Amino acid sequence: MHTTSVAAYSIAAALLYAKMLVTVSTQGVVRLRTKRFQYPEDARHWGGEEAEDHPVAARAQRVLRNDGEGQPLFLALGAAYVLSNATPALAPVYFGVYVGSRFLHTWFFLRPRQPHRNRAFGLGVLCLTALAVHVLVRGIDLARSVTAS
């Protein structure tokens, strides 16, 4: 493993975690300020009403769901990239572009902007695809080198 790849992956993972914390906090703050809660026990505990989520809190929930679908793939592909010692100089580019695309996607989701949200999402998918291809090619190379020895 190369330190450049490890550093880029570590920073990317920490930034994605921080983004999740901000999203969850946004959701919580909106619920507390509006006193609108989806569940009766939350409404009772926080002195609010059981009601449909505020639009910003609902959007934050959809951001979290979307992140839960894509980010595990990034973490798996990124780990494979680092462990296979694939081109270390490209790790900061791949990981940085992916994290940037997810920050933009979240921003454009919470502050509804089209087509920017779709473009940010597409950039993330493109980055994941490039990572997958790079990992696949590197895996094939490693498999060939093992069978050749």
# chains A, B, ... in the order shown; residues from 1 in each chain; ligands from 1
>>> residues_around(residues="Ala12 (chain A)", least_positions_apart="2", cutoff="7 Å", atoms="only C-alpha atoms", output="MDAnalysis selection string")
chainID A and resid 8:10 14:16 95:96 99
>>> write_last_selection(atoms="C-alpha atoms", output="PDB file, in the first residue's frame")
ATOM      1  CA  ALA A   8      -6.495   9.996   0.377  1.00  0.00           C
ATOM      2  CA  TYR A   9      -8.795   7.148   1.391  1.00  0.00           C
ATOM      3  CA  SER A  10      -8.612   8.062   5.086  1.00  0.00           C
ATOM      4  CA  ALA A  14     -13.581  11.017   7.374  1.00  0.00           C
ATOM      5  CA  LEU A  15     -15.117  13.729   5.161  1.00  0.00           C
ATOM      6  CA  LEU A  16     -18.024  11.468   4.190  1.00  0.00           C
ATOM      7  CA  PHE A  95     -11.444   9.983  -3.924  1.00  0.00           C
ATOM      8  CA  GLY A  96     -11.526  13.780  -4.017  1.00  0.00           C
ATOM      9  CA  VAL A  99     -16.342  13.199  -2.070  1.00  0.00           C
TER      10      VAL A  99
END
>>> select_by_dssp(residues="chain A", states="helix (DSSP H, G or I)", output="ChimeraX atom specification")
/A:3-34,40-46,55-83,88-110,116-148
>>> closest_atom_pairs(of="region 83-137 of chain A", to="region 22-32 of chain A", cutoff="10 Å", atoms="only C-alpha atoms", output="tab-separated table")
residue	atom	partner	partner_atom	distance
A:Thr106	CA	A:Thr23	CA	8.2
A:Trp107	CA	A:Thr23	CA	9.7
A:Leu110	CA	A:Thr23	CA	9.1
>>> write_last_selection(atoms="C-alpha atoms", output="PDB file, in the first residue's frame")
ATOM      1  CA  THR A 106     -26.248  16.876  -0.741  1.00  0.00           C
ATOM      2  CA  TRP A 107     -26.191  20.662  -1.095  1.00  0.00           C
ATOM      3  CA  LEU A 110     -31.234  20.169   0.541  1.00  0.00           C
TER       4      LEU A 110
END
>>> select_by_dssp(residues="region 8-140 of chain A", states="strand (DSSP E)", output="list in words")
Arg36, Phe37, Glu49 and Glu50 of chain A
>>> closest_residue(among="A:Phe121, A:Glu69, A:Ser145, A:Ala60", to="Leu21 (chain A)", atoms="only C-alpha atoms")
A:Ala60
>>> residues_around(residues="region 137-140 of chain A", least_positions_apart="2", cutoff="12 Å", atoms="only C-alpha atoms", output="PyMOL selection string")
chain A and resi 77+80-87+130-135+142-147
>>> write_last_selection(atoms="N, CA and C atoms", output="compact mmCIF listing (two decimals), in the first residue's frame")
# COMPACT_ATOMS: atom_id res chain seq x y z
N LEU A 77 -14.82 -0.14 -3.05
CA LEU A 77 -13.94 0.04 -4.21
C LEU A 77 -12.68 0.82 -3.84
N ALA A 80 -10.36 -1.55 -2.07
CA ALA A 80 -9.74 -2.45 -3.04
C ALA A 80 -8.66 -1.71 -3.83
N TYR A 81 -8.92 -0.46 -4.16
CA TYR A 81 -7.95 0.36 -4.89
C TYR A 81 -6.67 0.52 -4.06
N VAL A 82 -6.84 0.85 -2.80
CA VAL A 82 -5.68 1.05 -1.92
C VAL A 82 -4.94 -0.27 -1.69
N LEU A 83 -5.68 -1.34 -1.37
CA LEU A 83 -5.05 -2.63 -1.08
C LEU A 83 -4.34 -3.25 -2.27
N SER A 84 -4.87 -3.00 -3.47
CA SER A 84 -4.24 -3.57 -4.66
C SER A 84 -3.09 -2.72 -5.17
N ASN A 85 -2.85 -1.60 -4.48
CA ASN A 85 -1.77 -0.68 -4.85
C ASN A 85 -1.93 -0.17 -6.28
N ALA A 86 -3.18 0.10 -6.64
CA ALA A 86 -3.45 0.69 -7.95
C ALA A 86 -2.88 2.11 -7.95
N THR A 87 -2.59 2.63 -9.09
CA THR A 87 -1.96 3.93 -9.31
C THR A 87 -2.16 4.93 -8.16
N ALA A 130 -15.20 4.59 -12.86
CA ALA A 130 -13.77 4.64 -13.15
C ALA A 130 -12.98 3.86 -12.10
N LEU A 131 -13.37 4.00 -10.84
CA LEU A 131 -12.72 3.23 -9.78
C LEU A 131 -12.90 1.73 -10.00
N ALA A 132 -14.12 1.33 -10.34
CA ALA A 132 -14.41 -0.10 -10.55
C ALA A 132 -13.57 -0.66 -11.70
N VAL A 133 -13.48 0.09 -12.79
CA VAL A 133 -12.69 -0.37 -13.94
C VAL A 133 -11.22 -0.46 -13.55
N HIS A 134 -10.73 0.56 -12.86
CA HIS A 134 -9.33 0.56 -12.45
C HIS A 134 -9.03 -0.61 -11.52
N VAL A 135 -9.93 -0.86 -10.56
CA VAL A 135 -9.75 -1.97 -9.63
C VAL A 135 -9.81 -3.31 -10.37
N LEU A 142 -2.90 -8.47 -11.15
CA LEU A 142 -2.37 -9.19 -9.99
C LEU A 142 -2.61 -10.69 -10.11
N ALA A 143 -3.78 -11.07 -10.60
CA ALA A 143 -4.09 -12.50 -10.78
C ALA A 143 -3.14 -13.12 -11.80
N ARG A 144 -2.86 -12.42 -12.86
CA ARG A 144 -1.92 -12.93 -13.88
C ARG A 144 -0.52 -13.08 -13.32
N SER A 145 -0.08 -12.13 -12.52
CA SER A 145 1.27 -12.20 -11.97
C SER A 145 1.41 -13.37 -10.99
N VAL A 146 0.31 -13.70 -10.29
CA VAL A 146 0.34 -14.83 -9.36
C VAL A 146 0.41 -16.14 -10.13
N THR A 147 -0.38 -16.26 -11.19
CA THR A 147 -0.38 -17.51 -11.97
C THR A 147 0.88 -17.68 -12.79
>>> closest_residue(among="A:Leu123, A:Ala13, A:Ala18, A:Leu104", to="Phe74 (chain A)", atoms="only C-alpha atoms")
A:Ala13
>>> closest_residue(among="A:Gly48, A:Thr3, A:Leu136, A:Ser101", to="Arg119 (chain A)", atoms="only C-alpha atoms")
A:Ser101
>>> residues_around(residues="Arg117 (chain A)", least_positions_apart="5", cutoff="7 Å", atoms="only C-alpha atoms", output="list in words")
His105, Phe108 and Phe109 of chain A
>>> atom_distance(atom1="CA of Pro112 (chain A)", atom2="CA of Gly47 (chain A)")
29.5 Å
>>> atom_distance(atom1="CA of Ala76 (chain A)", atom2="CA of Pro92 (chain A)")
15.9 Å
>>> closest_residue(among="A:Thr129, A:Met20, A:Arg33, A:Ala79", to="Arg102 (chain A)", atoms="only C-alpha atoms")
A:Met20
>>> atom_distance(atom1="CA of Glu50 (chain A)", atom2="CA of Leu64 (chain A)")
21.6 Å
